[in-house]
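Data file: protein04.cif. Format and content: mmCIF, C-alpha atoms and all ligand atoms.
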```
data_protein
#
loop_
_atom_site.label_atom_id
_atom_site.label_comp_id
_atom_site.auth_asym_id
_atom_site.auth_seq_id
_atom_site.Cartn_x
_atom_site.Cartn_y
_atom_site.Cartn_z
CA MET A 655 0.90 19.12 -8.13
CA MET A 656 3.54 17.84 -5.72
CA ARG A 657 2.42 14.67 -4.06
CA LYS A 658 4.44 13.59 -1.03
CA LEU A 659 6.40 10.39 -1.55
CA ILE A 660 5.04 7.45 0.44
CA ILE A 661 6.99 4.24 1.04
CA ALA A 662 5.41 1.37 2.96
CA GLY A 663 6.85 -1.96 4.04
CA ASN A 664 4.50 -4.93 4.01
CA TRP A 665 6.04 -7.55 6.28
CA LYS A 666 3.33 -10.11 5.49
CA LEU A 667 3.51 -13.12 7.84
CA ASN A 668 7.00 -12.43 9.17
CA LYS A 669 8.67 -11.44 12.45
CA THR A 670 7.76 -12.22 16.04
CA SER A 671 7.19 -9.27 18.36
CA ARG A 672 10.73 -9.54 19.64
CA GLU A 673 12.16 -9.55 16.09
CA ALA A 674 9.89 -6.68 15.12
CA ILE A 675 11.00 -4.53 18.08
CA GLU A 676 14.66 -5.15 17.29
CA PHE A 677 14.09 -4.36 13.61
CA VAL A 678 12.20 -1.08 14.07
CA THR A 679 14.64 0.08 16.73
CA LEU A 680 17.36 -0.18 14.10
CA LEU A 681 15.19 1.28 11.34
CA LYS A 682 14.26 4.28 13.49
CA ARG A 683 17.94 5.08 13.94
CA GLU A 684 18.77 4.63 10.26
CA LEU A 685 15.91 6.84 9.07
CA CYS A 686 15.85 9.56 11.73
CA ASP A 687 17.38 12.21 9.46
CA ILE A 688 15.03 11.61 6.54
CA SER A 689 12.17 13.97 5.81
CA GLY A 690 9.87 14.76 2.90
CA VAL A 691 8.60 11.18 2.69
CA ASP A 692 5.88 9.26 4.51
CA ILE A 693 7.40 6.03 5.83
CA ILE A 694 5.16 3.21 7.02
CA VAL A 695 5.77 -0.27 8.37
CA CYS A 696 3.03 -2.92 8.36
CA PRO A 697 3.90 -5.72 10.79
CA PRO A 698 1.67 -8.73 11.47
CA ALA A 699 -1.19 -7.99 13.89
CA THR A 700 0.58 -9.61 16.85
CA ALA A 701 3.46 -7.12 16.71
CA LEU A 702 1.50 -3.90 16.03
CA SER A 703 1.29 -2.71 19.60
CA ASP A 704 4.94 -3.40 20.48
CA VAL A 705 6.12 -1.75 17.26
CA GLN A 706 3.99 1.31 18.00
CA ASP A 707 5.72 1.68 21.38
CA VAL A 708 9.09 1.88 19.61
CA LEU A 709 7.83 4.22 16.88
CA THR A 710 6.33 6.88 19.17
CA ASP A 711 7.84 10.28 18.28
CA SER A 712 9.57 8.92 15.19
CA ASN A 713 9.13 9.69 11.48
CA ILE A 714 7.83 6.16 10.83
CA ALA A 715 4.09 5.44 10.96
CA LEU A 716 2.30 2.20 11.69
CA GLY A 717 0.08 0.26 9.28
CA ALA A 718 -1.93 -2.96 9.57
CA GLN A 719 -2.26 -5.57 6.82
CA ASN A 720 -6.04 -5.96 6.91
CA VAL A 721 -9.16 -4.72 8.71
CA TYR A 722 -12.66 -6.11 9.18
CA TRP A 723 -15.67 -3.93 8.28
CA GLU A 724 -17.79 -4.39 11.42
CA ASP A 725 -16.73 -2.46 14.54
CA GLU A 726 -17.36 -5.21 17.09
CA GLY A 727 -19.45 -8.26 17.84
CA ALA A 728 -19.56 -11.99 17.11
CA PHE A 729 -16.86 -12.10 14.41
CA THR A 730 -14.32 -14.58 15.74
CA GLY A 731 -10.79 -13.98 14.58
CA GLU A 732 -11.36 -10.55 13.07
CA VAL A 733 -9.80 -7.17 13.96
CA SER A 734 -11.75 -3.94 13.42
CA ALA A 735 -10.83 -0.35 12.60
CA PRO A 736 -11.62 1.00 16.12
CA LEU A 737 -9.33 -1.66 17.64
CA LEU A 738 -6.51 -0.73 15.27
CA LYS A 739 -6.99 3.00 15.97
CA ASP A 740 -6.92 2.25 19.68
CA ILE A 741 -3.30 1.01 19.50
CA GLY A 742 -2.03 3.83 17.26
CA VAL A 743 -2.37 2.30 13.80
CA GLN A 744 -2.70 5.00 11.09
CA TYR A 745 -2.71 3.07 7.80
CA VAL A 746 -4.18 -0.21 6.63
CA ILE A 747 -3.48 -2.31 3.54
CA ILE A 748 -6.73 -3.42 1.92
CA GLY A 749 -7.26 -5.99 -0.85
CA HIS A 750 -3.65 -7.14 -1.20
CA SER A 751 -3.43 -9.71 -4.01
CA GLU A 752 -2.50 -12.43 -1.51
CA ARG A 753 -5.78 -11.78 0.29
CA ARG A 754 -7.65 -11.86 -3.01
CA GLN A 755 -5.85 -15.08 -4.04
CA TYR A 756 -5.86 -17.07 -0.80
CA PHE A 757 -8.61 -15.59 1.35
CA GLY A 758 -11.48 -14.89 -1.02
CA GLU A 759 -11.17 -11.10 -1.00
CA THR A 760 -13.35 -9.48 -3.68
CA ASP A 761 -13.90 -5.90 -4.85
CA GLU A 762 -17.05 -5.95 -2.71
CA THR A 763 -15.23 -6.88 0.50
CA VAL A 764 -12.49 -4.39 -0.38
CA ASN A 765 -15.19 -1.75 -0.62
CA LYS A 766 -16.63 -2.62 2.81
CA ARG A 767 -13.22 -2.58 4.49
CA LEU A 768 -12.39 0.70 2.79
CA ALA A 769 -15.54 2.38 4.05
CA ALA A 770 -14.89 1.11 7.60
CA ALA A 771 -11.28 2.33 7.55
CA LEU A 772 -12.29 5.81 6.35
CA LYS A 773 -15.12 6.03 8.86
CA HIS A 774 -12.64 5.53 11.69
CA GLY A 775 -9.86 7.74 10.33
CA LEU A 776 -7.48 5.04 9.14
CA THR A 777 -5.74 5.72 5.82
CA PRO A 778 -6.40 2.82 3.46
CA ILE A 779 -3.76 1.55 1.04
CA VAL A 780 -5.95 -0.14 -1.56
CA CYS A 781 -4.20 -2.71 -3.75
CA VAL A 782 -5.12 -3.34 -7.37
CA GLY A 783 -3.32 -5.18 -10.14
CA GLU A 784 -3.63 -7.71 -12.93
CA ASN A 785 -2.27 -11.26 -12.98
CA LEU A 786 -0.01 -12.66 -15.68
CA THR A 787 -2.80 -14.19 -17.79
CA GLU A 788 -4.74 -10.95 -17.71
CA ARG A 789 -1.67 -8.99 -18.81
CA GLU A 790 -0.86 -11.44 -21.59
CA LYS A 791 -4.43 -11.26 -22.86
CA GLY A 792 -4.23 -7.46 -22.98
CA ARG A 793 -6.82 -7.08 -20.22
CA THR A 794 -4.72 -5.05 -17.73
CA PHE A 795 -6.68 -1.81 -18.00
CA GLU A 796 -10.01 -3.62 -17.93
CA VAL A 797 -9.02 -5.38 -14.67
CA LEU A 798 -7.73 -2.16 -13.09
CA GLU A 799 -10.93 -0.35 -13.99
CA LYS A 800 -13.12 -3.10 -12.53
CA GLN A 801 -11.08 -3.21 -9.30
CA CYS A 802 -11.07 0.59 -8.90
CA ARG A 803 -14.74 1.06 -9.69
CA GLY A 804 -15.78 -1.88 -7.48
CA GLY A 805 -13.42 -1.08 -4.62
CA LEU A 806 -14.25 2.63 -4.48
CA ASP A 807 -17.97 2.23 -5.10
CA GLY A 808 -20.08 4.78 -3.24
CA LEU A 809 -17.17 6.92 -2.02
CA GLU A 810 -17.28 10.70 -2.41
CA ALA A 811 -14.37 12.64 -3.95
CA ASP A 812 -13.26 14.03 -0.58
CA GLU A 813 -13.03 10.48 0.79
CA VAL A 814 -11.12 9.19 -2.22
CA GLU A 815 -8.58 12.00 -1.76
CA LYS A 816 -7.66 10.42 1.59
CA ILE A 817 -6.79 7.00 0.22
CA ILE A 818 -3.58 5.58 -1.19
CA ILE A 819 -3.79 3.24 -4.16
CA ALA A 820 -1.10 0.61 -4.69
CA TYR A 821 -0.70 -0.69 -8.24
CA GLU A 822 0.72 -4.17 -7.78
CA PRO A 823 0.91 -6.37 -10.86
CA VAL A 824 0.42 -9.85 -9.36
CA TRP A 825 3.06 -11.35 -11.63
CA ALA A 826 5.67 -9.05 -10.09
CA ILE A 827 4.89 -9.74 -6.41
CA GLY A 828 7.51 -11.87 -4.69
CA THR A 829 8.72 -13.17 -8.04
CA GLY A 830 11.77 -10.98 -8.51
CA LYS A 831 10.19 -9.77 -11.76
CA THR A 832 9.57 -6.05 -11.71
CA ALA A 833 7.36 -4.16 -14.09
CA THR A 834 9.50 -1.85 -16.18
CA ALA A 835 9.26 1.79 -15.20
CA GLN A 836 7.36 2.33 -18.43
CA GLN A 837 4.84 -0.48 -17.76
CA ALA A 838 4.28 0.82 -14.24
CA GLN A 839 3.93 4.46 -15.34
CA GLU A 840 1.41 3.43 -17.99
CA ALA A 841 -0.75 1.64 -15.41
CA HIS A 842 -0.47 4.50 -12.89
CA LYS A 843 -1.47 7.01 -15.55
CA PHE A 844 -4.44 4.83 -16.47
CA ILE A 845 -5.58 4.74 -12.82
CA ARG A 846 -5.13 8.50 -12.44
CA ASP A 847 -7.09 9.20 -15.64
CA LEU A 848 -9.81 6.85 -14.41
CA LEU A 849 -10.03 8.76 -11.11
CA ALA A 850 -10.42 11.98 -13.08
CA GLU A 851 -13.28 10.40 -15.00
CA MET A 852 -14.92 8.94 -11.85
CA TYR A 853 -14.43 12.09 -9.74
CA ASN A 854 -12.57 15.14 -11.02
CA ASP A 855 -9.09 16.35 -11.98
CA ASP A 856 -8.23 17.70 -8.53
CA THR A 857 -9.06 14.41 -6.87
CA ALA A 858 -7.09 12.48 -9.48
CA GLN A 859 -4.07 14.74 -8.94
CA THR A 860 -4.32 14.45 -5.15
CA VAL A 861 -4.44 10.66 -4.78
CA ARG A 862 -1.06 9.06 -4.25
CA ILE A 863 -0.43 5.87 -6.22
CA GLN A 864 2.29 3.50 -5.05
CA TYR A 865 3.96 0.85 -7.16
CA GLY A 866 4.47 -2.62 -5.67
CA GLY A 867 6.10 -5.73 -7.04
CA SER A 868 9.71 -6.72 -6.29
CA VAL A 869 10.85 -3.17 -5.52
CA LYS A 870 14.55 -3.29 -4.61
CA PRO A 871 17.32 -0.73 -4.03
CA GLU A 872 18.45 -1.35 -7.63
CA ASN A 873 15.16 -0.47 -9.30
CA SER A 874 13.53 1.98 -6.90
CA ALA A 875 15.05 5.17 -8.31
CA GLN A 876 13.93 4.50 -11.86
CA LEU A 877 10.39 3.65 -10.76
CA MET A 878 10.08 6.66 -8.45
CA SER A 879 11.22 9.10 -11.10
CA GLN A 880 8.07 8.40 -13.15
CA PRO A 881 5.54 11.25 -13.03
CA ASP A 882 2.58 9.20 -11.79
CA ILE A 883 4.45 6.94 -9.37
CA ASP A 884 4.27 8.47 -5.90
CA GLY A 885 5.85 5.79 -3.79
CA ALA A 886 6.28 2.08 -3.23
CA LEU A 887 4.68 -0.78 -1.37
CA VAL A 888 7.61 -3.04 -0.59
CA GLY A 889 7.31 -6.68 0.47
CA GLY A 890 10.43 -8.83 0.65
CA ALA A 891 12.94 -5.96 0.61
CA SER A 892 11.20 -4.27 3.57
CA LEU A 893 12.24 -7.10 5.92
CA LYS A 894 15.86 -5.97 6.05
CA ALA A 895 16.76 -2.56 7.45
CA GLU A 896 19.55 -2.10 4.93
CA THR A 897 17.46 -2.70 1.79
CA PHE A 898 14.40 -0.83 3.06
CA THR A 899 16.54 2.17 4.04
CA GLU A 900 18.29 2.15 0.70
CA ILE A 901 14.99 2.03 -1.18
CA ILE A 902 13.77 5.04 0.80
CA LYS A 903 16.94 7.03 0.23
CA ASN A 904 17.12 6.20 -3.49
CA SER A 905 13.44 7.06 -3.90
CA CYS A 906 13.80 10.42 -2.16
CA THR A 907 16.64 11.39 -4.47
CA ALA A 908 14.80 10.20 -7.58
CA ALA A 909 11.51 11.88 -6.72
CA GLN A 910 13.05 15.33 -6.24
C1 LIG A 1001 3.84 -6.74 -1.58
O1 LIG A 1001 3.77 -7.53 -0.66
O2 LIG A 1001 2.97 -5.87 -1.68
C2 LIG A 1001 4.95 -6.83 -2.53
C3 LIG A 1001 5.00 -5.99 -3.52
O3 LIG A 1001 5.89 -7.82 -2.33
P1 LIG A 1001 7.36 -7.91 -2.99
O4 LIG A 1001 7.99 -6.57 -2.85
O5 LIG A 1001 8.06 -8.97 -2.20
O6 LIG A 1001 7.17 -8.29 -4.42
#
```
Mind converting the file's structure to structure tokens?
Ligand code: PEP
Amino acid sequence: MMRKLIIAGNWKLNKTSREAIEFVTLLKRELCDISGVDIIVCPPATALSDVQDVLTDSNIALGAQNVYWEDEGAFTGEVSAPLLKDIGVQYVIIGHSERRQYFGETDETVNKRLAAALKHGLTPIVCVGENLTEREKGRTFEVLEKQCRGGLDGLEADEVEKIIIAYEPVWAIGTGKTATAQQAQEAHKFIRDLLAEMYNDDTAQTVRIQYGGSVKPENSAQLMSQPDIDGALVGGASLKAETFTEIIKNSCTAAQ
């Protein structure tokens, strides 16, 4: 099965609206000739609307970094799926390890956000991944299984086919340490086999699984050439047009 390559940039807490507009204007020009890959940028919430204005009629789609599970009401400080849809957001990152680490995100809250995103037609990018201690203790697969089963709880196969999973080993995020292509492939294969067990083979073969964790132009080709790696979730290197563009171009070549 040919799964379409999908590369997303997670800007985290970076770039004012003005900086974001300037950046995506440049990115749009750099990437206008590229096809055969889904390209997504995930700016901070304050820049989403302005970035969407620049991205209209381009080959770059817009993603948010989080979503709340209720649609509206007395939930000060939160942003819901209908509000994101309203300004043209198509994707949303859910359960990023920074949210799990610093903001109390659990598999249960991931599950609620996921259901809300799907209900409103947003494509969730669900992040899973072990930390260093868990890896060193040989518990990587156990952690991935718990996060996948908990996060996807109650979803039907046809819903799961719409989501993107990002395997992001916590020890490789923002650290400059990348999982080897072999380590990443092994984890992706484990997740895909688990999906086959939880749902069925077709669903497992349909779901796209991105790798995240210090992806750079220098390592992207090797990672993307692995059979179960279908794209990348890029943090630091997505903040510069040159490195993000290079990652996309290298990945396209490698994935062919
Ligand atoms: C991320 O934010 O999802 C990420 C993988 O960050 P970095 O590429 O900086 O490690």
Around ligand LIG 1001 (chain A), with edges along x, y and z and 4 Å added on all six sides, what centre and edge lengths do you get, in Å to one decimal, as JSON?
```
{"center_x": 5.5, "center_y": -7.4, "center_z": -2.5, "size_x": 13.1, "size_y": 11.1, "size_z": 11.8}
```
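Between ligand LIG 1001 (chain A) and the candidates A:Arg683, A:Arg753, A:His774, A:His842, the tightest atom-to-atom separation, counting only C-alpha atoms and all ligand atoms, involves A:Arg753.
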Can you build me a table of chain A residues sitting at most 7 Å from ligand LIG 1001 (chain A), with the closest atom pair per residue and its distance in Å to one decimal, using all atoms listed in the file, sorted by chain and residue number, as CSV?
```
residue,atom,partner,partner_atom,distance
A:Asn664,CA,A:LIG1001,O1,5.4
A:Lys666,CA,A:LIG1001,O1,6.7
A:His750,CA,A:LIG1001,O2,6.8
A:Glu822,CA,A:LIG1001,C3,6.3
A:Ala826,CA,A:LIG1001,O6,5.9
A:Ile827,CA,A:LIG1001,O6,3.4
A:Gly828,CA,A:LIG1001,O6,3.6
A:Thr829,CA,A:LIG1001,O6,6.3
A:Gly830,CA,A:LIG1001,O6,6.7
A:Gly866,CA,A:LIG1001,C3,4.0
A:Gly867,CA,A:LIG1001,C3,3.7
A:Ser868,CA,A:LIG1001,O6,3.5
A:Val869,CA,A:LIG1001,O4,5.2
A:Leu887,CA,A:LIG1001,O2,5.4
A:Val888,CA,A:LIG1001,O4,4.2
A:Gly889,CA,A:LIG1001,O3,3.3
A:Gly890,CA,A:LIG1001,O5,3.7
A:Ala891,CA,A:LIG1001,O4,6.1
```
statement: Among A:Gly758, A:Gln910, A:Glu815, A:Lys791, Asp856 (chain A) is approached most closely, using all atoms listed in the file, by A:Glu815
task: Rank nothing, just name the residue among A:Leu849, A:Ala728, A:Leu681, A:Ala820 nearest to Ile693 (chain A), using only C-alpha atoms.
output: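 Among A:Leu849, A:Ala728, A:Leu681, A:Ala820, it is A:Leu681 that comes nearest to Ile693 (chain A).
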- prompt: Nearest to Glu762 (chain A) among A:Phe677, A:Trp723, A:Phe844, A:Tyr865, with distances taken over only C-alpha atoms: which residue is it?
  reply: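 Once distances to Glu762 (chain A) are computed over only C-alpha atoms, the minimum belongs to A:Trp723.
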Spatial neighbours of Ala662 (chain A), 10 Å, only C-alpha atoms, chain gap at least 5 places, as a compact mmCIF listing (two decimals) with C-alpha atoms, in the frame of the given file:
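Once written, part11.txt looks like this:
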```txt
# COMPACT_ATOMS: atom_id res chain seq x y z
CA ASP A 692 5.88 9.26 4.51
CA ILE A 693 7.40 6.03 5.83
CA ILE A 694 5.16 3.21 7.02
CA VAL A 695 5.77 -0.27 8.37
CA CYS A 696 3.03 -2.92 8.36
CA ILE A 714 7.83 6.16 10.83
CA ALA A 715 4.09 5.44 10.96
CA LEU A 716 2.30 2.20 11.69
CA GLY A 717 0.08 0.26 9.28
CA TYR A 745 -2.71 3.07 7.80
CA ILE A 747 -3.48 -2.31 3.54
CA ILE A 779 -3.76 1.55 1.04
CA GLN A 864 2.29 3.50 -5.05
CA GLY A 866 4.47 -2.62 -5.67
CA GLY A 885 5.85 5.79 -3.79
CA ALA A 886 6.28 2.08 -3.23
CA LEU A 887 4.68 -0.78 -1.37
CA VAL A 888 7.61 -3.04 -0.59
CA GLY A 889 7.31 -6.68 0.47
CA SER A 892 11.20 -4.27 3.57
CA PHE A 898 14.40 -0.83 3.06
CA ILE A 902 13.77 5.04 0.80
```
message: With only C-alpha atoms as the counted atoms, please give the residues lying no more than 12 Å from Asp807 (chain A), apart from itself and same-chain residues fewer than 2 positions off, as number ranges by chain.
response: A: 761-769, 799-805, 809-811, 813-814, 849, 852-853
- request: Could you please determine the separation between CA of Gly742 (chain A) and CA of Pro697 (chain A) in Å, to one decimal place?
  value: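 Rounded to one decimal, the two atoms are 13.0 Å apart.
Minimum atom-to-atom distances from A:Arg789, A:Lys894, A:Lys658, A:Arg862 to Arg846 (chain A) were compared using only C-alpha atoms, and the lowest value belongs to A:Arg862.
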- line: Min atom-atom distance to Ser751 (chain A) from the set A:Pro823, A:Ser703, A:Glu788, A:Leu772, counting only C-alpha atoms, belongs to A:Pro823
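Between CA of Arg657 (chain A) and CA of Ala833 (chain A) lies a distance of 21.9 Å.
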